[in-house]
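Peer 1: Next up, start00.cif (mmCIF, C-alpha atoms and all ligand atoms).
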```cif
data_upload
loop_
_atom_site.label_atom_id
_atom_site.label_comp_id
_atom_site.auth_asym_id
_atom_site.auth_seq_id
_atom_site.Cartn_x
_atom_site.Cartn_y
_atom_site.Cartn_z
CA MET A 1 10.84 5.06 5.75
CA ILE A 2 9.53 2.32 3.49
CA ALA A 3 7.76 2.89 0.20
CA VAL A 4 6.01 -0.38 -0.60
CA MET A 5 5.64 -0.54 -4.37
CA SER A 6 2.54 -2.19 -5.76
CA ALA A 7 2.93 -5.63 -7.29
CA ASP A 8 2.60 -4.22 -10.81
CA ALA A 9 4.95 -1.24 -10.34
CA THR A 10 7.16 -0.75 -13.40
CA PRO A 11 10.97 -0.33 -13.24
CA ASP A 12 10.48 3.30 -14.34
CA GLN A 13 8.10 3.98 -11.46
CA ILE A 14 10.61 2.49 -9.02
CA ALA A 15 13.36 4.63 -10.57
CA ASP A 16 11.20 7.74 -10.15
CA VAL A 17 10.74 7.08 -6.44
CA LEU A 18 14.49 6.52 -6.03
CA ALA A 19 15.16 9.80 -7.87
CA LEU A 20 12.68 11.72 -5.70
CA LEU A 21 14.48 10.59 -2.56
CA ARG A 22 17.98 11.13 -3.95
CA GLU A 23 17.05 14.66 -4.92
CA ILE A 24 16.61 15.58 -1.26
CA GLY A 25 19.89 13.93 -0.29
CA LEU A 26 18.58 10.60 0.97
CA ASP A 27 20.26 7.33 0.09
CA PRO A 28 17.50 4.81 -0.67
CA VAL A 29 18.10 1.07 -0.82
CA ILE A 30 15.95 -1.37 -2.73
CA GLY A 31 14.53 -4.23 -0.71
CA GLU A 32 12.08 -7.02 -1.32
CA PHE A 33 9.38 -8.31 0.96
CA ALA A 34 6.44 -10.65 0.43
CA GLY A 35 6.84 -10.34 -3.33
CA ALA A 36 6.83 -6.52 -3.32
CA THR A 37 9.68 -4.15 -4.10
CA LEU A 38 10.47 -1.79 -1.28
CA VAL A 39 12.32 1.50 -1.41
CA ILE A 40 13.86 2.01 2.01
CA THR A 41 15.62 4.97 3.60
CA GLU A 42 17.04 5.05 7.10
CA ALA A 43 16.01 8.66 7.59
CA ALA A 44 12.41 9.72 7.22
CA ALA A 45 11.77 12.37 4.57
CA ALA A 46 10.13 15.71 5.36
CA PRO A 47 6.31 15.60 5.18
CA GLU A 48 6.06 17.21 1.72
CA VAL A 49 8.54 14.72 0.20
CA ALA A 50 6.85 11.85 2.02
CA PHE A 51 3.56 12.98 0.50
CA ALA A 52 5.12 13.13 -2.98
CA VAL A 53 6.44 9.58 -2.54
CA GLU A 54 3.18 8.27 -1.15
CA THR A 55 1.23 9.63 -4.09
CA ALA A 56 3.80 8.71 -6.77
CA ALA A 57 2.70 6.26 -9.45
CA GLY A 58 3.37 2.64 -8.51
CA VAL A 59 3.53 3.26 -4.74
CA ASP A 60 1.10 1.14 -2.78
CA ARG A 61 1.76 2.59 0.68
CA LEU A 62 4.33 4.46 2.70
CA VAL A 63 5.38 3.32 6.16
CA MET A 64 7.04 6.03 8.23
CA VAL A 65 9.82 4.41 10.22
CA SER A 66 12.94 6.27 11.18
CA GLY A 67 16.17 4.59 12.19
CA ALA A 68 17.86 1.51 10.92
CA GLN A 69 15.32 -1.00 12.17
CA GLN A 70 12.93 -0.78 9.25
CA LEU A 71 11.56 -4.19 8.25
CA THR A 72 12.15 -5.95 11.54
CA GLY A 73 10.25 -3.31 13.50
CA ARG A 74 6.66 -3.32 14.59
CA ASP A 75 5.90 -0.10 12.70
CA PHE A 76 6.25 -2.01 9.46
CA CYS A 77 4.56 -5.14 10.75
CA PRO A 78 2.58 -4.63 14.00
CA ALA A 79 1.37 -8.22 14.40
CA ASP A 80 3.61 -11.16 15.34
CA SER A 81 5.06 -12.82 12.25
CA ARG A 82 4.58 -16.51 11.74
CA VAL A 83 7.45 -18.41 10.26
CA GLU A 84 6.55 -21.72 8.68
CA VAL A 85 9.34 -24.27 8.38
CA GLY A 86 9.16 -27.49 6.40
CA GLY A 87 5.88 -26.88 4.57
CA PRO A 88 2.35 -27.75 5.69
CA ASP A 89 3.50 -30.71 7.79
CA GLY A 90 6.29 -28.73 9.36
CA ALA A 91 6.38 -26.33 12.28
CA VAL A 92 5.19 -22.76 12.72
CA PHE A 93 7.09 -20.31 14.91
CA GLY A 94 5.35 -17.26 16.31
CA GLY A 95 1.79 -18.53 16.69
CA ASP A 96 0.21 -20.36 19.61
CA GLY A 97 2.57 -23.29 19.17
CA PHE A 98 5.81 -23.56 21.13
CA VAL A 99 8.38 -25.22 18.88
CA VAL A 100 11.01 -27.46 20.45
CA ILE A 101 13.98 -28.28 18.23
CA ALA A 102 16.27 -31.03 19.50
CA GLY A 103 19.24 -33.07 18.38
CA PRO A 104 22.97 -33.36 18.77
CA CYS A 105 25.32 -30.42 18.52
CA ALA A 106 27.08 -32.13 15.62
CA VAL A 107 26.09 -34.86 13.19
CA GLU A 108 28.64 -37.61 13.85
CA SER A 109 27.42 -40.82 12.26
CA GLN A 110 24.31 -42.60 11.06
CA SER A 111 24.01 -44.69 14.21
CA GLN A 112 24.45 -41.63 16.46
CA MET A 113 21.73 -39.80 14.52
CA ASN A 114 19.37 -42.78 14.58
CA GLY A 115 19.71 -43.08 18.35
CA VAL A 116 19.32 -39.40 19.18
CA VAL A 117 16.52 -38.82 16.70
CA ASP A 118 14.52 -41.85 17.87
CA SER A 119 14.63 -40.57 21.40
CA VAL A 120 13.77 -36.91 20.69
CA VAL A 121 10.95 -37.88 18.34
CA ALA A 122 9.52 -40.21 20.97
CA ALA A 123 9.61 -37.33 23.45
CA GLY A 124 7.71 -35.05 21.05
CA ALA A 125 10.32 -32.77 19.45
CA ALA A 126 8.87 -30.68 16.62
CA MET A 127 12.09 -30.27 14.65
CA LEU A 128 15.56 -31.79 14.48
CA ARG A 129 18.93 -30.11 14.73
CA GLY A 130 22.49 -31.23 13.99
CA GLY A 131 25.54 -29.37 12.76
CA ALA A 132 27.35 -30.58 9.65
CA PHE A 133 29.54 -27.49 9.29
CA LYS A 134 30.80 -26.60 12.75
CA PRO A 135 32.34 -23.20 13.49
CA ARG A 136 34.81 -24.29 16.20
CA THR A 137 36.86 -21.97 18.36
CA SER A 138 39.94 -24.18 17.95
CA PRO A 139 41.10 -25.37 14.53
CA TYR A 140 42.04 -28.68 16.19
CA SER A 141 38.48 -29.44 17.32
CA PHE A 142 36.10 -31.61 15.28
CA GLN A 143 34.97 -29.40 12.40
CA GLY A 144 31.89 -31.41 11.43
CA LEU A 145 31.31 -33.95 8.66
CA GLY A 146 30.47 -31.25 6.10
CA VAL A 147 28.53 -32.43 3.07
CA ALA A 148 28.41 -36.01 4.39
CA GLY A 149 26.81 -34.69 7.58
CA LEU A 150 24.17 -32.85 5.58
CA ALA A 151 23.21 -36.12 3.90
CA LEU A 152 22.93 -37.90 7.25
CA LEU A 153 20.69 -35.14 8.57
CA ALA A 154 18.54 -35.18 5.43
CA GLU A 155 18.14 -38.93 5.94
CA GLN A 156 16.62 -38.24 9.36
CA ARG A 157 14.26 -35.76 7.77
CA SER A 158 12.93 -38.39 5.38
CA ARG A 159 12.85 -41.04 8.08
CA THR A 160 10.79 -38.93 10.49
CA GLY A 161 9.05 -36.32 8.35
CA LEU A 162 10.33 -33.65 10.75
CA PRO A 163 11.97 -30.47 9.44
CA VAL A 164 15.69 -30.05 10.08
CA VAL A 165 17.80 -27.00 10.87
CA THR A 166 21.55 -26.90 10.37
CA GLU A 167 24.25 -24.27 10.44
CA VAL A 168 25.82 -22.68 7.39
CA VAL A 169 29.13 -20.93 7.88
CA THR A 170 30.16 -19.60 4.47
CA PRO A 171 28.22 -17.82 1.72
CA GLN A 172 29.42 -20.43 -0.82
CA ASP A 173 27.67 -23.22 1.11
CA VAL A 174 24.30 -21.50 1.43
CA GLU A 175 22.78 -23.02 -1.70
CA ARG A 176 23.89 -26.53 -0.80
CA VAL A 177 22.70 -26.32 2.79
CA ALA A 178 19.41 -24.78 1.64
CA GLU A 179 18.84 -27.75 -0.67
CA GLU A 180 19.40 -30.33 2.04
CA SER A 181 17.66 -28.73 5.01
CA ASP A 182 14.49 -26.87 5.92
CA MET A 183 16.05 -23.99 7.83
CA LEU A 184 19.48 -22.37 7.81
CA GLN A 185 21.14 -21.60 11.11
CA ILE A 186 23.49 -18.64 11.36
CA GLY A 187 25.51 -19.05 14.51
CA THR A 188 26.67 -16.62 17.13
CA ARG A 189 30.11 -16.33 15.55
CA ASN A 190 28.65 -15.34 12.20
CA MET A 191 25.84 -13.05 13.26
CA GLN A 192 27.62 -10.12 11.67
CA ASN A 193 29.04 -11.97 8.68
CA PHE A 194 27.24 -9.66 6.28
CA ALA A 195 28.16 -11.57 3.12
CA LEU A 196 26.64 -14.70 4.69
CA LEU A 197 23.54 -12.79 5.78
CA ARG A 198 23.02 -11.40 2.29
CA GLU A 199 23.37 -14.83 0.72
CA ALA A 200 21.02 -16.43 3.26
CA GLY A 201 18.63 -13.57 2.55
CA THR A 202 18.16 -14.84 -1.00
CA SER A 203 18.22 -18.57 -0.19
CA GLY A 204 14.46 -19.04 -0.07
CA ARG A 205 14.83 -20.89 3.24
CA PRO A 206 13.82 -19.68 6.71
CA VAL A 207 16.80 -18.60 8.81
CA LEU A 208 17.47 -19.18 12.50
CA LEU A 209 19.61 -16.22 13.49
CA LYS A 210 21.50 -16.64 16.73
CA ARG A 211 22.47 -13.60 18.74
CA GLY A 212 26.17 -12.76 18.62
CA MET A 213 27.74 -13.57 21.98
CA ALA A 214 28.77 -9.93 22.34
CA ALA A 215 26.04 -8.34 20.27
CA THR A 216 23.55 -5.80 21.53
CA ILE A 217 19.88 -6.42 20.85
CA GLU A 218 20.04 -3.62 18.29
CA GLU A 219 22.94 -5.25 16.43
CA TRP A 220 21.08 -8.56 16.47
CA LEU A 221 17.97 -6.99 14.97
CA LEU A 222 20.04 -5.20 12.35
CA ALA A 223 21.56 -8.54 11.35
CA ALA A 224 17.96 -9.74 10.85
CA GLU A 225 17.36 -6.56 8.85
CA TYR A 226 20.10 -7.71 6.43
CA LEU A 227 18.21 -10.94 5.84
CA MET A 228 14.86 -9.24 5.51
CA HIS A 229 15.81 -6.49 3.10
CA MET A 230 17.21 -9.16 0.78
CA GLY A 231 13.69 -10.53 0.59
CA ASN A 232 13.71 -13.15 3.33
CA GLY A 233 10.98 -12.46 5.86
CA ASP A 234 11.23 -15.92 7.40
CA VAL A 235 13.60 -15.11 10.20
CA VAL A 236 13.53 -16.62 13.68
CA LEU A 237 15.80 -15.06 16.31
CA CYS A 238 17.59 -17.19 18.90
CA GLU A 239 18.96 -15.91 22.21
CA ARG A 240 21.92 -18.15 23.06
CA GLY A 241 23.72 -16.34 25.84
CA ILE A 242 26.16 -13.47 25.95
CA ARG A 243 29.65 -13.12 27.38
CA SER A 244 29.86 -12.08 30.98
CA PHE A 245 32.50 -12.27 33.72
CA ASP A 246 31.02 -15.35 35.36
CA ARG A 247 32.52 -18.67 34.34
CA SER A 248 30.07 -20.82 36.31
CA THR A 249 27.97 -20.93 33.19
CA ARG A 250 29.32 -21.09 29.65
CA PHE A 251 27.62 -17.82 28.69
CA THR A 252 24.98 -15.73 30.46
CA LEU A 253 21.50 -16.45 29.17
CA ASP A 254 19.82 -13.09 28.65
CA LEU A 255 16.12 -13.79 29.00
CA SER A 256 15.36 -10.10 29.24
CA ALA A 257 16.53 -9.94 25.62
CA VAL A 258 13.70 -12.29 24.67
CA ALA A 259 11.01 -10.03 26.08
CA GLU A 260 12.72 -6.91 24.77
CA ALA A 261 13.28 -8.32 21.28
CA LYS A 262 9.64 -9.37 21.15
CA ARG A 263 8.62 -5.84 22.02
CA LEU A 264 10.84 -4.35 19.31
CA THR A 265 10.25 -6.84 16.52
CA HIS A 266 7.46 -8.94 15.06
CA LEU A 267 9.88 -11.83 14.43
CA PRO A 268 9.65 -14.99 16.57
CA VAL A 269 12.32 -15.43 19.23
CA ILE A 270 13.50 -18.78 20.59
CA VAL A 271 16.05 -19.71 23.24
CA ASP A 272 19.05 -22.05 23.26
CA PRO A 273 19.45 -23.14 26.89
CA SER A 274 22.25 -25.58 25.96
CA HIS A 275 24.93 -23.36 24.44
CA SER A 276 24.09 -20.52 26.82
CA THR A 277 24.46 -22.43 30.07
CA GLY A 278 26.77 -25.22 28.93
CA ARG A 279 25.43 -27.30 31.85
CA PRO A 280 22.76 -30.00 31.51
CA HIS A 281 21.30 -29.30 34.98
CA LEU A 282 20.58 -25.70 33.95
CA VAL A 283 18.94 -26.59 30.64
CA GLY A 284 15.66 -27.62 32.30
CA PRO A 285 15.14 -24.55 34.51
CA MET A 286 16.14 -22.15 31.72
CA SER A 287 13.84 -23.90 29.26
CA LEU A 288 10.88 -23.46 31.60
CA ALA A 289 11.83 -19.83 32.20
CA ALA A 290 12.12 -19.23 28.45
CA ALA A 291 8.63 -20.60 27.87
CA ALA A 292 7.29 -18.52 30.75
CA CYS A 293 8.80 -15.25 29.51
CA GLY A 294 7.26 -15.50 26.06
CA ALA A 295 9.83 -17.30 23.90
CA ASP A 296 8.40 -19.04 20.83
CA GLY A 297 10.46 -22.18 21.18
CA LEU A 298 13.70 -23.84 22.21
CA LEU A 299 16.82 -25.28 20.59
CA ILE A 300 18.18 -28.07 22.76
CA ASP A 301 21.28 -30.27 22.49
CA VAL A 302 20.52 -33.96 23.09
CA HIS A 303 22.95 -36.87 22.83
CA THR A 304 22.45 -40.48 23.79
CA ASP A 305 26.15 -40.96 24.58
CA ALA A 306 27.28 -37.53 25.75
CA GLN A 307 30.61 -38.84 27.06
CA ALA A 308 31.57 -39.87 23.55
CA ALA A 309 30.15 -36.80 21.76
CA LEU A 310 32.56 -35.12 19.34
CA CYS A 311 31.20 -31.67 20.13
CA ASP A 312 29.66 -30.08 23.24
CA GLY A 313 28.86 -33.35 25.01
CA ALA A 314 29.19 -31.56 28.35
CA GLN A 315 25.98 -29.62 27.79
CA ALA A 316 23.83 -32.28 26.12
CA LEU A 317 20.76 -33.77 27.75
CA SER A 318 20.30 -37.53 27.62
CA GLY A 319 17.19 -38.87 25.92
CA ALA A 320 15.60 -39.50 29.34
CA GLN A 321 16.39 -35.98 30.57
CA PHE A 322 14.89 -34.53 27.40
CA THR A 323 11.73 -36.59 27.79
CA GLU A 324 11.35 -35.42 31.37
CA LEU A 325 11.89 -31.82 30.31
CA MET A 326 9.19 -32.07 27.63
CA ASP A 327 6.75 -33.31 30.26
CA ARG A 328 7.59 -30.37 32.54
CA LEU A 329 7.41 -27.86 29.70
CA ARG A 330 3.87 -28.70 28.64
CA PRO A 331 2.05 -27.14 31.61
CA VAL A 332 4.35 -24.10 31.66
CA ALA A 333 3.70 -23.42 27.98
CA GLU A 334 -0.02 -23.87 28.58
CA ALA A 335 0.05 -21.45 31.51
CA VAL A 336 1.16 -18.71 29.10
CA GLY A 337 -1.34 -19.65 26.41
CA ARG A 338 0.88 -21.84 24.27
CA THR A 339 0.91 -25.52 23.37
CA LEU A 340 3.95 -27.57 22.50
CA TRP A 341 3.99 -27.89 18.73
CA GLN A 342 2.82 -31.36 17.75
CA PRO A 343 4.42 -32.71 14.61
CA ARG A 344 1.68 -33.69 12.19
CA ALA A 345 3.59 -36.40 10.41
CA HIS A 346 6.46 -38.57 11.40
CA GLY A 347 7.47 -42.04 10.47
CA LEU A 348 8.53 -43.13 13.94
CA THR A 349 6.18 -44.41 16.59
CA ARG A 350 5.75 -42.22 19.57
CA VAL A 351 6.01 -44.01 22.91
C1 LIG B 1 25.10 -24.59 17.62
O1 LIG B 1 23.91 -24.36 17.86
O2 LIG B 1 25.50 -25.67 17.22
C2 LIG B 1 26.09 -23.52 17.86
C3 LIG B 1 27.35 -23.63 17.41
O3 LIG B 1 25.60 -22.50 18.55
P1 LIG B 1 26.19 -21.03 18.77
O4 LIG B 1 26.41 -20.44 17.42
O5 LIG B 1 25.12 -20.37 19.55
O6 LIG B 1 27.47 -21.20 19.55
MN MN B 2 27.55 -26.74 20.04
#
```
Take the structure I supplied and represent it as structure tokens, if you would.
Ligand code: PEP
Ligand code: MN
Peer 2:
Amino acid sequence: MIAVMSADATPDQIADVLALLREIGLDPVIGEFAGATLVITEAAAAPEVAFAVETAAGVDRLVMVSGAQQLTGRDFCPADSRVEVGGPDGAVFGGDGFVVIAGPCAVESQSQMNGVVDSVVAAGAAMLRGGAFKPRTSPYSFQGLGVAGLALLAEQRSRTGLPVVTEVVTPQDVERVAEESDMLQIGTRNMQNFALLREAGTSGRPVLLKRGMAATIEEWLLAAEYLMHMGNGDVVLCERGIRSFDRSTRFTLDLSAVAEAKRLTHLPVIVDPSHSTGRPHLVGPMSLAAAACGADGLLIDVHTDAQAALCDGAQALSGAQFTELMDRLRPVAEAVGRTLWQPRAHGLTRV
């Protein structure tokens, strides 16, 4: 149950609503959304208490939602949310546009970034990706360039005018990553890092929240709930494959989760066909399928020298493969009423 306080509600009025709910044994939590204070309880109150809350001073409206999925659910927000990234010249997830994010798994060097970015921009990518802080399974694998990588990615943002997304792995780095990028990525391995979610929830930046590789859809949406109740409504979900028994693909891409998540939540949902399949020849078919089943965009690994890549080269598309994929995506997106998001401003010439 969500009591949305009016913009001019006083601290005393908020305290009164909290007291009303505590009196009947509920455990309300304060949240923030679109500039309003929210008083949220997982359980719905009995009708007479709900009426008392609804008519209490300072309460704008009461939304009856029971269960843990409060702010992410369609009861609270029936229409699809739009998440704007990178300001007016950036990209919008969740509308008619289909947003393709592309770039290398990891930022490696300036020349690597120049090469990859030139080719994905020429092919029409709407946003750039590149990891500076890499959460690697082995401590002996390349861990990313860290702060230096952030600077190299930010350089591509100014060079092209395209928004950039990059992963943040610890709560202490959230502020820094938020300063140097347009969108924070929380990866599969950190989907339930609640301290990180809380920090990202107050960062003021949109968050790309990947599904945990062994997370249920419910757990994924509750991770988004952590971000939202801290005041961050700009959350984009990303299906990136779950663990299964089959090793012929890196993970098992769960496209049913895209349609199901979109039924359960108003948040946009995109798909990562690269980390899920781990195989370049599967990235194309899964990208088309993602567009067809209602995803709001894609996150694709591209590298111009995959053999030499320091991270996940085995799944990266070449620039030519990415260009071909973009050409095949266009009609599929259009068939389901979407258009590939066209960047409004970029410094590089499109070929
Ligand atoms: C990534 O996108 O770079 C990444 C590490 O993905 P995931 O968290 O899905 O493994
Ligand atoms: Mn990767």
Peer 1: Name the residues in contact with A:Cys293 at a cut-off of 12 Å, using only C-alpha atoms, excluding same-chain residues fewer than 6 positions from it; report them as a tab-separated table (two decimals) with C-alpha atoms, in the frame of the given file.
Peer 2:
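Output file out-v1.tsv follows:
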```tsv
chain	number	residue	atom	x	y	z
A	254	ASP	CA	19.82	-13.09	28.65
A	255	LEU	CA	16.12	-13.79	29.00
A	256	SER	CA	15.36	-10.10	29.24
A	257	ALA	CA	16.53	-9.94	25.62
A	258	VAL	CA	13.70	-12.29	24.67
A	259	ALA	CA	11.01	-10.03	26.08
A	260	GLU	CA	12.72	-6.91	24.77
A	261	ALA	CA	13.28	-8.32	21.28
A	262	LYS	CA	9.64	-9.37	21.15
A	269	VAL	CA	12.32	-15.43	19.23
A	270	ILE	CA	13.50	-18.78	20.59
A	271	VAL	CA	16.05	-19.71	23.24
A	286	MET	CA	16.14	-22.15	31.72
A	287	SER	CA	13.84	-23.90	29.26
A	332	VAL	CA	4.35	-24.10	31.66
A	333	ALA	CA	3.70	-23.42	27.98
A	335	ALA	CA	0.05	-21.45	31.51
A	336	VAL	CA	1.16	-18.71	29.10
A	337	GLY	CA	-1.34	-19.65	26.41
A	338	ARG	CA	0.88	-21.84	24.27
```
Peer 1: When distances are computed from only C-alpha atoms, which of A:Val177, A:Thr216, A:Thr249, A:Phe98 shows the smallest separation from A:Leu288?
Peer 2: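 Checking each candidate against A:Leu288, we get A:Phe98 as the closest.
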Peer 1: Hey, which residues come within 6 Å of ligand LIG 1 (chain B) if we count only C-alpha atoms and all ligand atoms? Could you give them as a VMD selection string?
Peer 2: chain A and resid 105 131 187 to 189 210 240 275
Peer 1: Check the smallest atom-to-atom distance from each of A:Ser318, A:Thr252, A:Ser141, A:Gln342 to ligand MN 2 (chain B) using only C-alpha atoms and all ligand atoms, then report the winner.
Peer 2: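 Residue with the minimum atom-to-atom distance to ligand MN 2 (chain B): A:Ser141.
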Peer 1: Write out as a tab-separated table a residue-level contact list of chain A versus ligand MN 2 (chain B) with cut-off 10 Å: for each qualifying residue the closest pair of atoms and the distance in Å to one decimal, counting all atoms listed in the file, rows sorted by chain and residue number upward.
Peer 2:
```
residue	atom	partner	partner_atom	distance
A:Pro104	CA	B:MN2	MN	8.1
A:Cys105	CA	B:MN2	MN	4.6
A:Ala106	CA	B:MN2	MN	7.0
A:Gly130	CA	B:MN2	MN	9.1
A:Gly131	CA	B:MN2	MN	8.0
A:Lys134	CA	B:MN2	MN	8.0
A:Pro135	CA	B:MN2	MN	8.9
A:Arg136	CA	B:MN2	MN	8.6
A:Gly187	CA	B:MN2	MN	9.7
A:Ser274	CA	B:MN2	MN	8.0
A:His275	CA	B:MN2	MN	6.1
A:Ser276	CA	B:MN2	MN	9.8
A:Gly278	CA	B:MN2	MN	9.1
A:Ile300	CA	B:MN2	MN	9.8
A:Asp301	CA	B:MN2	MN	7.6
A:Leu310	CA	B:MN2	MN	9.8
A:Cys311	CA	B:MN2	MN	6.1
A:Asp312	CA	B:MN2	MN	5.1
A:Gly313	CA	B:MN2	MN	8.4
A:Ala314	CA	B:MN2	MN	9.7
A:Gln315	CA	B:MN2	MN	8.4
A:Ala316	CA	B:MN2	MN	9.0
```
Peer 1: Between A:Asp305, A:Asp80, A:Asp89, A:Asp296, which is the closest to A:Pro343 once you count only C-alpha atoms?
Peer 2: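 Result for the nearest residue to A:Pro343: A:Asp89.
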Peer 1: Which one of A:Thr170, A:Ser119, A:Thr137, A:Thr10 sits closest to A:Phe322 if you count only C-alpha atoms?
Peer 2: A:Ser119
Peer 1: Go through A:Arg159, A:His266, A:Arg243, A:Arg250 one by one, measure the shortest atom-to-atom distance of each to A:Pro78 using only C-alpha atoms, and give the residue with the smallest value.
Peer 2: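 The closest residue to A:Pro78 is A:His266.
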Peer 1: Output requested as a PDB file, keeping the file's coordinate frame - stretch 237-244 of chain A, filled out with all heavy atoms.
Peer 2:
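That gives us part.pdb:
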```
ATOM      1  N   LEU A 237      14.652 -15.467  15.506  1.00  0.00           N
ATOM      2  CA  LEU A 237      15.800 -15.060  16.310  1.00  0.00           C
ATOM      3  C   LEU A 237      16.039 -16.089  17.417  1.00  0.00           C
ATOM      4  O   LEU A 237      15.086 -16.716  17.894  1.00  0.00           O
ATOM      5  CB  LEU A 237      15.534 -13.694  16.932  1.00  0.00           C
ATOM      6  CG  LEU A 237      15.298 -12.555  15.928  1.00  0.00           C
ATOM      7  CD1 LEU A 237      14.729 -11.335  16.642  1.00  0.00           C
ATOM      8  CD2 LEU A 237      16.574 -12.200  15.190  1.00  0.00           C
ATOM      9  N   CYS A 238      17.294 -16.243  17.811  1.00  0.00           N
ATOM     10  CA  CYS A 238      17.590 -17.190  18.900  1.00  0.00           C
ATOM     11  C   CYS A 238      18.572 -16.566  19.896  1.00  0.00           C
ATOM     12  O   CYS A 238      19.711 -16.275  19.546  1.00  0.00           O
ATOM     13  CB  CYS A 238      18.176 -18.479  18.317  1.00  0.00           C
ATOM     14  SG  CYS A 238      18.598 -19.708  19.579  1.00  0.00           S
ATOM     15  N   GLU A 239      18.088 -16.375  21.114  1.00  0.00           N
ATOM     16  CA  GLU A 239      18.960 -15.910  22.210  1.00  0.00           C
ATOM     17  C   GLU A 239      19.748 -17.141  22.689  1.00  0.00           C
ATOM     18  O   GLU A 239      19.158 -18.163  23.030  1.00  0.00           O
ATOM     19  CB  GLU A 239      18.101 -15.315  23.331  1.00  0.00           C
ATOM     20  CG  GLU A 239      18.759 -15.232  24.702  1.00  0.00           C
ATOM     21  CD  GLU A 239      20.031 -14.385  24.756  1.00  0.00           C
ATOM     22  OE1 GLU A 239      20.120 -13.388  24.026  1.00  0.00           O
ATOM     23  OE2 GLU A 239      20.935 -14.741  25.529  1.00  0.00           O
ATOM     24  N   ARG A 240      21.092 -16.999  22.719  1.00  0.00           N
ATOM     25  CA  ARG A 240      21.920 -18.150  23.060  1.00  0.00           C
ATOM     26  C   ARG A 240      23.000 -17.812  24.090  1.00  0.00           C
ATOM     27  O   ARG A 240      23.977 -18.535  24.239  1.00  0.00           O
ATOM     28  CB  ARG A 240      22.524 -18.771  21.807  1.00  0.00           C
ATOM     29  CG  ARG A 240      23.197 -17.793  20.901  1.00  0.00           C
ATOM     30  CD  ARG A 240      24.594 -17.379  21.308  1.00  0.00           C
ATOM     31  NE  ARG A 240      25.496 -18.502  21.269  1.00  0.00           N
ATOM     32  CZ  ARG A 240      26.577 -18.600  22.043  1.00  0.00           C
ATOM     33  NH1 ARG A 240      26.896 -17.640  22.905  1.00  0.00           N
ATOM     34  NH2 ARG A 240      27.367 -19.655  21.948  1.00  0.00           N
ATOM     35  N   GLY A 241      22.767 -16.693  24.788  1.00  0.00           N
ATOM     36  CA  GLY A 241      23.720 -16.340  25.840  1.00  0.00           C
ATOM     37  C   GLY A 241      24.766 -15.360  25.350  1.00  0.00           C
ATOM     38  O   GLY A 241      25.167 -15.392  24.192  1.00  0.00           O
ATOM     39  N   ILE A 242      25.148 -14.483  26.261  1.00  0.00           N
ATOM     40  CA  ILE A 242      26.160 -13.470  25.950  1.00  0.00           C
ATOM     41  C   ILE A 242      27.333 -13.621  26.911  1.00  0.00           C
ATOM     42  O   ILE A 242      27.205 -14.225  27.971  1.00  0.00           O
ATOM     43  CB  ILE A 242      25.565 -12.036  26.016  1.00  0.00           C
ATOM     44  CG1 ILE A 242      24.825 -11.814  27.335  1.00  0.00           C
ATOM     45  CG2 ILE A 242      24.636 -11.790  24.828  1.00  0.00           C
ATOM     46  CD1 ILE A 242      24.303 -10.397  27.536  1.00  0.00           C
ATOM     47  N   ARG A 243      28.446 -13.045  26.544  1.00  0.00           N
ATOM     48  CA  ARG A 243      29.650 -13.120  27.380  1.00  0.00           C
ATOM     49  C   ARG A 243      29.467 -12.290  28.649  1.00  0.00           C
ATOM     50  O   ARG A 243      29.025 -11.141  28.588  1.00  0.00           O
ATOM     51  CB  ARG A 243      30.825 -12.500  26.641  1.00  0.00           C
ATOM     52  CG  ARG A 243      31.573 -13.438  25.784  1.00  0.00           C
ATOM     53  CD  ARG A 243      32.709 -14.078  26.572  1.00  0.00           C
ATOM     54  NE  ARG A 243      33.570 -14.823  25.654  1.00  0.00           N
ATOM     55  CZ  ARG A 243      33.450 -16.117  25.437  1.00  0.00           C
ATOM     56  NH1 ARG A 243      32.539 -16.825  26.064  1.00  0.00           N
ATOM     57  NH2 ARG A 243      34.260 -16.721  24.594  1.00  0.00           N
ATOM     58  N   SER A 244      29.819 -12.883  29.774  1.00  0.00           N
ATOM     59  CA  SER A 244      29.860 -12.080  30.980  1.00  0.00           C
ATOM     60  C   SER A 244      31.105 -12.501  31.760  1.00  0.00           C
ATOM     61  O   SER A 244      31.881 -13.331  31.290  1.00  0.00           O
ATOM     62  CB  SER A 244      28.595 -12.257  31.812  1.00  0.00           C
ATOM     63  OG  SER A 244      28.694 -13.457  32.546  1.00  0.00           O
TER      64      SER A 244
END
```
